Amino acid sequence: MSRIVVALGGNALQKSSKDVSAKAQLKNCKNTAKAIVNLIENNNEVIVVHGNGPQVGQIVSTYEGMNAVDKSNLVMPFPECGAMSQGYIGYHLQQSIRQELKKRDINKQVASIVTQVVVDKNDPAFNNPTKPVGSFFNEDEAKKIIDEKGYIMKEDSGRGWRRVVPSPKPKSVVEEDIVRTLINDGHIVITAGGGGVPVIEKENGDIEGVSAVIDKDFAAEKIAEIMDADKLLILTAVEKVAINYNQPNREDLSFMTIKEAEKYIKEGHFAPGSMLPKVKAAVKFADSLNGRKTIITALDKVEEALMGKTGTVISK
Ligand code: ADP
Ligand code: MG
């Protein structure tokens with residue numbers, strides 16, 4: 001039996017940015033659930049981590065829209081929006097996975113844990129917010145928001161102004177014992193959705209939510225280490241990681257050693273904000289203990305990838 005942490009990318013939840021309805025997401029989750037239950041049927045223990053970019057954006061924008069109409073509609077703080085997105089997506093995945101288990105007569109339970117992930121309040125990322133969230137505003141509106149709310153707003157490649165938040169690294173997982181108990185008891189666990197709700201530790205030991213986004217690939221890597229997983233399976237929109245991506249001499253890779261991956265990272269083969277965090281997470285997990293490996297592939301290629309027929313494997 002292998003313990004696998006599956007990191008689900010955006011396309012496992014919402015296939016198209018044209019239909020971001022709950023209905024479309026639920027339909028897509030049913031397809032995703034098949035891949036997850038295939039893993040279960042093949043005798044693996046499965047922990048799921050998922051992204052939340054478009055969903056948390058939708059939640060934030062809804063509050064912003066209501067606030068624009070009537071100021072007494074307060075905008076929900078960002079950590080709370082992240083927690084809502086975990087519930088929304090977790091609900092869809094739970095329902096879809098349950099149905100798929102039932103269809104195949106597999107007697108297992110699935111639960112989502114609202115997960116808080118501790119970040120370092122001195123993480124350098126807090127000095128350089130990079131992750132855009134929520135709606136676009138014009139310059140005047142943006143300046144007003146900066147004055148009123150103290151948000152950091154940046155111009156986003158000619159499309160308008162958007163709030164940006166920092167993307168610190170995950171340090172530890174508040175609910176780790178619960179996740180471990182559930183997985184050890186044979187359940188399927190959905191955790192650290194959207195990278196987890198980022199929290200900082202205060203001097204008195206309390207924790208407090210912060211407006212930031214933890215990259216879900218880094219959060220999945222952290223969960224995989226803590227839960228002593230054998231494999232980190234990063235499912236995204238491409239079947240393999242490539243070098244010279246988007247160039248005529250593009251080459252899809254079936255395997256990378258840690259050293260090779262580090263060389264390719266230095267040479268700039270992986271786009272920041274998309275493939276780069278995946279390869280970095282892959283390297284970190286493969287380097288954390290002998291025998292651990294990461295596979296990056298597409299959702300519909302999981303079985304083949306686990307048989308070594310496709311995907312990109314990163315190991316020592
Ligand atoms: P996810 O929602 O799964 O995190 P992202 O869009 O963040 O998806 O990252 C996956 C995307 O990274 C791929 O769809 C591809 O367009 C892009 N990408 C950037 N560089 C590479 C590369 N070197 N090899 C393969 N894909 C790459
Ligand atoms: Mg991504």
# chains A, B, ... in the order shown; residues from 1 in each chain; ligands from 1
call {"tool": "closest_atom_pairs", "arguments": {"of": "chain A", "to": "ligand 2", "cutoff": "12 Å", "atoms": "only C-alpha atoms and all ligand atoms", "output": "JSON lines"}}
result
{"residue": "A:Ala7", "atom": "CA", "partner": "ligand 2", "partner_atom_place_in_ligand_line": "1 (Mg)", "distance": 10.0}
{"residue": "A:Leu8", "atom": "CA", "partner": "ligand 2", "partner_atom_place_in_ligand_line": "1 (Mg)", "distance": 9.3}
{"residue": "A:Gly9", "atom": "CA", "partner": "ligand 2", "partner_atom_place_in_ligand_line": "1 (Mg)", "distance": 6.2}
{"residue": "A:Gly10", "atom": "CA", "partner": "ligand 2", "partner_atom_place_in_ligand_line": "1 (Mg)", "distance": 7.0}
{"residue": "A:Asn11", "atom": "CA", "partner": "ligand 2", "partner_atom_place_in_ligand_line": "1 (Mg)", "distance": 9.8}
{"residue": "A:Ala12", "atom": "CA", "partner": "ligand 2", "partner_atom_place_in_ligand_line": "1 (Mg)", "distance": 11.5}
{"residue": "A:His50", "atom": "CA", "partner": "ligand 2", "partner_atom_place_in_ligand_line": "1 (Mg)", "distance": 9.9}
{"residue": "A:Gly51", "atom": "CA", "partner": "ligand 2", "partner_atom_place_in_ligand_line": "1 (Mg)", "distance": 7.3}
{"residue": "A:Asn52", "atom": "CA", "partner": "ligand 2", "partner_atom_place_in_ligand_line": "1 (Mg)", "distance": 9.4}
{"residue": "A:Gly53", "atom": "CA", "partner": "ligand 2", "partner_atom_place_in_ligand_line": "1 (Mg)", "distance": 8.3}
{"residue": "A:Pro54", "atom": "CA", "partner": "ligand 2", "partner_atom_place_in_ligand_line": "1 (Mg)", "distance": 10.9}
{"residue": "A:Lys131", "atom": "CA", "partner": "ligand 2", "partner_atom_place_in_ligand_line": "1 (Mg)", "distance": 11.3}
{"residue": "A:Gly194", "atom": "CA", "partner": "ligand 2", "partner_atom_place_in_ligand_line": "1 (Mg)", "distance": 10.0}
{"residue": "A:Gly195", "atom": "CA", "partner": "ligand 2", "partner_atom_place_in_ligand_line": "1 (Mg)", "distance": 10.6}
{"residue": "A:Val213", "atom": "CA", "partner": "ligand 2", "partner_atom_place_in_ligand_line": "1 (Mg)", "distance": 11.7}
{"residue": "A:Ile214", "atom": "CA", "partner": "ligand 2", "partner_atom_place_in_ligand_line": "1 (Mg)", "distance": 10.9}
{"residue": "A:Asp215", "atom": "CA", "partner": "ligand 2", "partner_atom_place_in_ligand_line": "1 (Mg)", "distance": 7.5}
{"residue": "A:Lys216", "atom": "CA", "partner": "ligand 2", "partner_atom_place_in_ligand_line": "1 (Mg)", "distance": 7.4}
{"residue": "A:Asp217", "atom": "CA", "partner": "ligand 2", "partner_atom_place_in_ligand_line": "1 (Mg)", "distance": 7.4}
{"residue": "A:Phe218", "atom": "CA", "partner": "ligand 2", "partner_atom_place_in_ligand_line": "1 (Mg)", "distance": 10.3}
{"residue": "A:Ala219", "atom": "CA", "partner": "ligand 2", "partner_atom_place_in_ligand_line": "1 (Mg)", "distance": 11.8}
{"residue": "A:Ala220", "atom": "CA", "partner": "ligand 2", "partner_atom_place_in_ligand_line": "1 (Mg)", "distance": 12.0}
{"residue": "A:Ile234", "atom": "CA", "partner": "ligand 2", "partner_atom_place_in_ligand_line": "1 (Mg)", "distance": 10.2}
{"residue": "A:Leu235", "atom": "CA", "partner": "ligand 2", "partner_atom_place_in_ligand_line": "1 (Mg)", "distance": 10.1}
{"residue": "A:Thr236", "atom": "CA", "partner": "ligand 2", "partner_atom_place_in_ligand_line": "1 (Mg)", "distance": 8.0}
{"residue": "A:Ala237", "atom": "CA", "partner": "ligand 2", "partner_atom_place_in_ligand_line": "1 (Mg)", "distance": 9.6}
{"residue": "A:Val238", "atom": "CA", "partner": "ligand 2", "partner_atom_place_in_ligand_line": "1 (Mg)", "distance": 11.7}
{"residue": "A:Phe270", "atom": "CA", "partner": "ligand 2", "partner_atom_place_in_ligand_line": "1 (Mg)", "distance": 11.9}
{"residue": "A:Ala271", "atom": "CA", "partner": "ligand 2", "partner_atom_place_in_ligand_line": "1 (Mg)", "distance": 10.2}
{"residue": "A:Pro272", "atom": "CA", "partner": "ligand 2", "partner_atom_place_in_ligand_line": "1 (Mg)", "distance": 9.4}
{"residue": "A:Gly273", "atom": "CA", "partner": "ligand 2", "partner_atom_place_in_ligand_line": "1 (Mg)", "distance": 6.2}
{"residue": "A:Ser274", "atom": "CA", "partner": "ligand 2", "partner_atom_place_in_ligand_line": "1 (Mg)", "distance": 4.5}
{"residue": "A:Met275", "atom": "CA", "partner": "ligand 2", "partner_atom_place_in_ligand_line": "1 (Mg)", "distance": 7.1}
{"residue": "A:Leu276", "atom": "CA", "partner": "ligand 2", "partner_atom_place_in_ligand_line": "1 (Mg)", "distance": 9.0}
{"residue": "A:Pro277", "atom": "CA", "partner": "ligand 2", "partner_atom_place_in_ligand_line": "1 (Mg)", "distance": 7.7}
{"residue": "A:Lys278", "atom": "CA", "partner": "ligand 2", "partner_atom_place_in_ligand_line": "1 (Mg)", "distance": 7.8}
{"residue": "A:Val279", "atom": "CA", "partner": "ligand 2", "partner_atom_place_in_ligand_line": "1 (Mg)", "distance": 11.2}
{"residue": "A:Ala281", "atom": "CA", "partner": "ligand 2", "partner_atom_place_in_ligand_line": "1 (Mg)", "distance": 11.7}
call {"tool": "select_by_dssp", "arguments": {"residues": "segment 125-246 of chain A", "states": "helix (DSSP H, G or I)", "output": "count of residues only"}}
result
37
call {"tool": "select_by_dssp", "arguments": {"residues": "segment 80-138 of chain A", "states": "strand (DSSP E or B)", "output": "list of chain:residue names"}}
result
A:Val110, A:Ala111, A:Ser112, A:Gln116, A:Val117, A:Val118, A:Lys131, A:Pro132, A:Val133, A:Gly134, A:Ser135, A:Phe136, A:Phe137
call {"tool": "closest_residue", "arguments": {"among": "A:Gln55, A:Ser72, A:Ser288, A:Thr62", "to": "Met84 of chain A", "atoms": "only C-alpha atoms"}}
result
A:Gln55
call {"tool": "residues_around", "arguments": {"residues": "Ala24 of chain A", "least_positions_apart": "4", "cutoff": "12 Å", "atoms": "only C-alpha atoms", "output": "list in words"}}
result
Asn11, Ala12, Leu13, Gln14, Lys15, Ser16, Ser17, Lys18, Asp19, Val20, Asn28, Cys29, Lys30, Asn31 and His92 of chain A
call {"tool": "write_last_selection", "arguments": {"atoms": "N, CA and C atoms", "output": "tab-separated table (two decimals), in the first residue's frame"}}
result
chain	number	residue	atom	x	y	z
A	11	ASN	N	-7.84	22.83	-13.27
A	11	ASN	CA	-8.68	22.16	-14.28
A	11	ASN	C	-9.35	20.90	-13.74
A	12	ALA	N	-8.95	20.45	-12.54
A	12	ALA	CA	-9.64	19.32	-11.92
A	12	ALA	C	-10.96	19.77	-11.30
A	13	LEU	N	-11.12	21.08	-11.14
A	13	LEU	CA	-12.33	21.62	-10.50
A	13	LEU	C	-13.20	22.38	-11.50
A	14	GLN	N	-12.58	23.32	-12.20
A	14	GLN	CA	-13.31	24.10	-13.21
A	14	GLN	C	-12.56	23.98	-14.52
A	15	LYS	N	-13.14	23.27	-15.46
A	15	LYS	CA	-12.44	23.01	-16.72
A	15	LYS	C	-12.28	24.26	-17.56
A	16	SER	N	-13.31	25.13	-17.48
A	16	SER	CA	-13.29	26.28	-18.37
A	16	SER	C	-13.55	27.55	-17.59
A	17	SER	N	-12.80	28.61	-17.92
A	17	SER	CA	-13.05	29.89	-17.24
A	17	SER	C	-14.34	30.52	-17.76
A	18	LYS	N	-14.94	29.92	-18.79
A	18	LYS	CA	-16.20	30.45	-19.34
A	18	LYS	C	-17.39	30.03	-18.48
A	19	ASP	N	-17.30	28.87	-17.86
A	19	ASP	CA	-18.39	28.45	-16.98
A	19	ASP	C	-17.84	28.17	-15.59
A	20	VAL	N	-17.99	29.18	-14.73
A	20	VAL	CA	-17.47	29.04	-13.36
A	20	VAL	C	-18.62	28.80	-12.38
A	28	ASN	N	-17.61	18.63	-12.99
A	28	ASN	CA	-16.19	18.38	-13.18
A	28	ASN	C	-15.60	17.56	-12.03
A	29	CYS	N	-16.08	17.84	-10.81
A	29	CYS	CA	-15.59	17.10	-9.64
A	29	CYS	C	-15.95	15.63	-9.74
A	30	LYS	N	-17.06	15.32	-10.41
A	30	LYS	CA	-17.46	13.91	-10.55
A	30	LYS	C	-16.44	13.15	-11.39
A	31	ASN	N	-15.92	13.83	-12.40
A	31	ASN	CA	-14.88	13.24	-13.22
A	31	ASN	C	-13.58	13.07	-12.43
A	92	HIS	N	-18.08	19.83	-2.76
A	92	HIS	CA	-18.22	19.22	-4.09
A	92	HIS	C	-17.38	17.95	-4.22
call {"tool": "residues_around", "arguments": {"residues": "Ile145 of chain A", "least_positions_apart": "6", "cutoff": "12 Å", "atoms": "only C-alpha atoms", "output": "NGL selection string"}}
result
:A and (64 or 67-68 or 75 or 136-139 or 151-154 or 161-163)
call {"tool": "write_last_selection", "arguments": {"atoms": "N, CA and C atoms", "output": "mmCIF file, in the first residue's frame"}}
result
data_model
loop_
_atom_site.group_PDB
_atom_site.id
_atom_site.type_symbol
_atom_site.label_atom_id
_atom_site.label_comp_id
_atom_site.auth_asym_id
_atom_site.auth_seq_id
_atom_site.Cartn_x
_atom_site.Cartn_y
_atom_site.Cartn_z
ATOM 1 N N GLU A 64 -17.063 42.316 -2.737
ATOM 2 C CA GLU A 64 -16.667 43.650 -3.222
ATOM 3 C C GLU A 64 -17.832 44.297 -3.973
ATOM 4 N N ASN A 67 -20.468 45.448 -1.553
ATOM 5 C CA ASN A 67 -19.959 46.618 -0.840
ATOM 6 C C ASN A 67 -20.037 47.872 -1.712
ATOM 7 N N ALA A 68 -19.819 47.693 -3.014
ATOM 8 C CA ALA A 68 -19.886 48.837 -3.932
ATOM 9 C C ALA A 68 -21.316 49.379 -4.015
ATOM 10 N N VAL A 75 -16.994 43.947 3.365
ATOM 11 C CA VAL A 75 -16.220 42.969 2.597
ATOM 12 C C VAL A 75 -15.640 41.964 3.581
ATOM 13 N N PHE A 136 -11.105 43.541 -10.768
ATOM 14 C CA PHE A 136 -10.307 44.623 -11.355
ATOM 15 C C PHE A 136 -10.976 45.965 -11.053
ATOM 16 N N PHE A 137 -10.155 46.993 -10.805
ATOM 17 C CA PHE A 137 -10.678 48.344 -10.562
ATOM 18 C C PHE A 137 -9.940 49.322 -11.468
ATOM 19 N N ASN A 138 -10.557 50.510 -11.713
ATOM 20 C CA ASN A 138 -9.795 51.530 -12.432
ATOM 21 C C ASN A 138 -8.893 52.270 -11.440
ATOM 22 N N GLU A 139 -8.032 53.145 -11.971
ATOM 23 C CA GLU A 139 -7.001 53.748 -11.137
ATOM 24 C C GLU A 139 -7.596 54.545 -9.965
ATOM 25 N N TYR A 151 -5.088 48.330 1.454
ATOM 26 C CA TYR A 151 -4.674 47.206 0.608
ATOM 27 C C TYR A 151 -3.512 47.641 -0.276
ATOM 28 N N ILE A 152 -2.748 46.672 -0.726
ATOM 29 C CA ILE A 152 -1.755 46.956 -1.769
ATOM 30 C C ILE A 152 -2.391 46.607 -3.101
ATOM 31 N N MET A 153 -2.444 47.576 -4.011
ATOM 32 C CA MET A 153 -3.069 47.366 -5.317
ATOM 33 C C MET A 153 -2.009 47.584 -6.386
ATOM 34 N N LYS A 154 -2.033 46.727 -7.410
ATOM 35 C CA LYS A 154 -1.065 46.888 -8.501
ATOM 36 C C LYS A 154 -1.782 46.822 -9.840
ATOM 37 N N TRP A 161 -6.528 47.590 -12.194
ATOM 38 C CA TRP A 161 -5.845 47.452 -10.906
ATOM 39 C C TRP A 161 -6.470 46.334 -10.097
ATOM 40 N N ARG A 162 -5.617 45.607 -9.400
ATOM 41 C CA ARG A 162 -6.106 44.510 -8.562
ATOM 42 C C ARG A 162 -5.357 44.479 -7.244
ATOM 43 N N ARG A 163 -6.025 43.966 -6.249
ATOM 44 C CA ARG A 163 -5.350 43.769 -4.973
ATOM 45 C C ARG A 163 -4.317 42.649 -5.122
#
call {"tool": "closest_residue", "arguments": {"among": "A:Met66, A:Ile146, A:Ile265, A:Leu182", "to": "ligand 1", "atoms": "only C-alpha atoms and all ligand atoms"}}
result
A:Ile265
call {"tool": "residues_around", "arguments": {"residues": "Val283 of chain A", "least_positions_apart": "3", "cutoff": "12 Å", "atoms": "only C-alpha atoms", "output": "number ranges by chain"}}
result
A: 217-218, 221, 232, 255-265, 276-280, 286-289, 292-296, 312-316
call {"tool": "write_last_selection", "arguments": {"atoms": "C-alpha atoms", "output": "compact mmCIF listing (two decimals), in the first residue's frame"}}
result
# COMPACT_ATOMS: atom_id res chain seq x y z
CA ASP A 217 1.73 22.89 -4.56
CA PHE A 218 3.97 23.92 -1.65
CA GLU A 221 4.44 19.10 -0.45
CA LEU A 232 3.36 13.38 -4.26
CA PHE A 255 12.23 11.86 -15.61
CA MET A 256 14.29 14.46 -13.77
CA THR A 257 16.81 13.93 -11.02
CA ILE A 258 16.89 16.60 -8.34
CA LYS A 259 20.14 17.92 -9.82
CA GLU A 260 18.66 18.13 -13.31
CA ALA A 261 15.52 19.83 -12.04
CA GLU A 262 17.62 22.39 -10.18
CA LYS A 263 19.63 23.09 -13.30
CA TYR A 264 16.47 23.58 -15.39
CA ILE A 265 15.01 25.86 -12.71
CA LEU A 276 7.90 26.63 -11.26
CA PRO A 277 6.21 26.04 -7.88
CA LYS A 278 5.33 22.49 -8.96
CA VAL A 279 8.90 21.61 -9.88
CA LYS A 280 10.21 23.27 -6.71
CA ALA A 286 11.99 13.97 -3.48
CA ASP A 287 14.92 15.40 -1.52
CA SER A 288 13.23 15.02 1.89
CA LEU A 289 13.77 11.26 2.31
CA ARG A 292 10.11 9.57 -1.98
CA LYS A 293 9.16 10.68 -5.45
CA THR A 294 6.96 13.23 -7.14
CA ILE A 295 4.97 12.70 -10.33
CA ILE A 296 3.63 15.63 -12.33
CA THR A 312 7.30 13.41 -15.29
CA VAL A 313 8.89 11.66 -12.32
CA ILE A 314 11.19 13.64 -10.05
CA SER A 315 13.34 11.60 -7.70
CA LYS A 316 16.86 11.32 -6.30
call {"tool": "closest_residue", "arguments": {"among": "A:Ala35, A:Ile106, A:Val173, A:Val49", "to": "ligand 1", "atoms": "only C-alpha atoms and all ligand atoms"}}
result
A:Val49
call {"tool": "closest_residue", "arguments": {"among": "A:Pro248, A:Pro166, A:Gly134, A:Gly65", "to": "Asn122 of chain A", "atoms": "only C-alpha atoms"}}
result
A:Pro166
call {"tool": "residues_around", "arguments": {"residues": "Arg180 of chain A", "least_positions_apart": "2", "cutoff": "12 Å", "atoms": "only C-alpha atoms", "output": "PyMOL selection string"}}
result
chain A and resi 3+45-47+113+173-178+182-191+223-229
call {"tool": "decode", "arguments": {"residues": "segment 99-111 of chain A", "atoms": "N, CA, C and O atoms", "output": "mmCIF file, in the first residue's frame"}}
result
data_model
loop_
_atom_site.group_PDB
_atom_site.id
_atom_site.type_symbol
_atom_site.label_atom_id
_atom_site.label_comp_id
_atom_site.auth_asym_id
_atom_site.auth_seq_id
_atom_site.Cartn_x
_atom_site.Cartn_y
_atom_site.Cartn_z
ATOM 1 N N GLN A 99 -20.098 9.461 -3.935
ATOM 2 C CA GLN A 99 -20.933 8.822 -4.946
ATOM 3 C C GLN A 99 -20.151 7.765 -5.732
ATOM 4 O O GLN A 99 -20.654 6.676 -6.013
ATOM 5 N N GLU A 100 -18.914 8.091 -6.049
ATOM 6 C CA GLU A 100 -18.072 7.168 -6.806
ATOM 7 C C GLU A 100 -17.721 5.933 -5.959
ATOM 8 O O GLU A 100 -17.690 4.808 -6.466
ATOM 9 N N LEU A 101 -17.476 6.133 -4.680
ATOM 10 C CA LEU A 101 -17.198 5.007 -3.765
ATOM 11 C C LEU A 101 -18.412 4.084 -3.692
ATOM 12 O O LEU A 101 -18.294 2.853 -3.736
ATOM 13 N N LYS A 102 -19.585 4.709 -3.592
ATOM 14 C CA LYS A 102 -20.834 3.969 -3.465
ATOM 15 C C LYS A 102 -21.063 3.110 -4.715
ATOM 16 O O LYS A 102 -21.419 1.932 -4.618
ATOM 17 N N LYS A 103 -20.839 3.726 -5.866
ATOM 18 C CA LYS A 103 -21.004 3.027 -7.143
ATOM 19 C C LYS A 103 -20.167 1.763 -7.196
ATOM 20 O O LYS A 103 -20.557 0.758 -7.779
ATOM 21 N N ARG A 104 -18.977 1.842 -6.605
ATOM 22 C CA ARG A 104 -18.059 0.701 -6.694
ATOM 23 C C ARG A 104 -18.096 -0.164 -5.431
ATOM 24 O O ARG A 104 -17.219 -1.020 -5.238
ATOM 25 N N ASP A 105 -19.060 0.118 -4.555
ATOM 26 C CA ASP A 105 -19.189 -0.674 -3.328
ATOM 27 C C ASP A 105 -17.950 -0.635 -2.454
ATOM 28 O O ASP A 105 -17.572 -1.659 -1.866
ATOM 29 N N ILE A 106 -17.316 0.512 -2.392
ATOM 30 C CA ILE A 106 -16.152 0.644 -1.505
ATOM 31 C C ILE A 106 -16.621 1.327 -0.227
ATOM 32 O O ILE A 106 -17.192 2.412 -0.263
ATOM 33 N N ASN A 107 -16.351 0.659 0.883
ATOM 34 C CA ASN A 107 -16.844 1.157 2.155
ATOM 35 C C ASN A 107 -15.814 2.083 2.808
ATOM 36 O O ASN A 107 -15.065 1.668 3.687
ATOM 37 N N LYS A 108 -15.781 3.341 2.331
ATOM 38 C CA LYS A 108 -14.856 4.319 2.910
ATOM 39 C C LYS A 108 -15.542 5.660 3.053
ATOM 40 O O LYS A 108 -16.508 5.942 2.346
ATOM 41 N N GLN A 109 -15.011 6.460 3.955
ATOM 42 C CA GLN A 109 -15.581 7.786 4.189
ATOM 43 C C GLN A 109 -14.612 8.857 3.685
ATOM 44 O O GLN A 109 -13.411 8.623 3.599
ATOM 45 N N VAL A 110 -15.170 10.015 3.369
ATOM 46 C CA VAL A 110 -14.324 11.126 2.926
ATOM 47 C C VAL A 110 -14.716 12.388 3.675
ATOM 48 O O VAL A 110 -15.896 12.671 3.864
ATOM 49 N N ALA A 111 -13.696 13.128 4.133
ATOM 50 C CA ALA A 111 -13.964 14.358 4.887
ATOM 51 C C ALA A 111 -13.021 15.467 4.464
ATOM 52 O O ALA A 111 -11.857 15.217 4.137
#
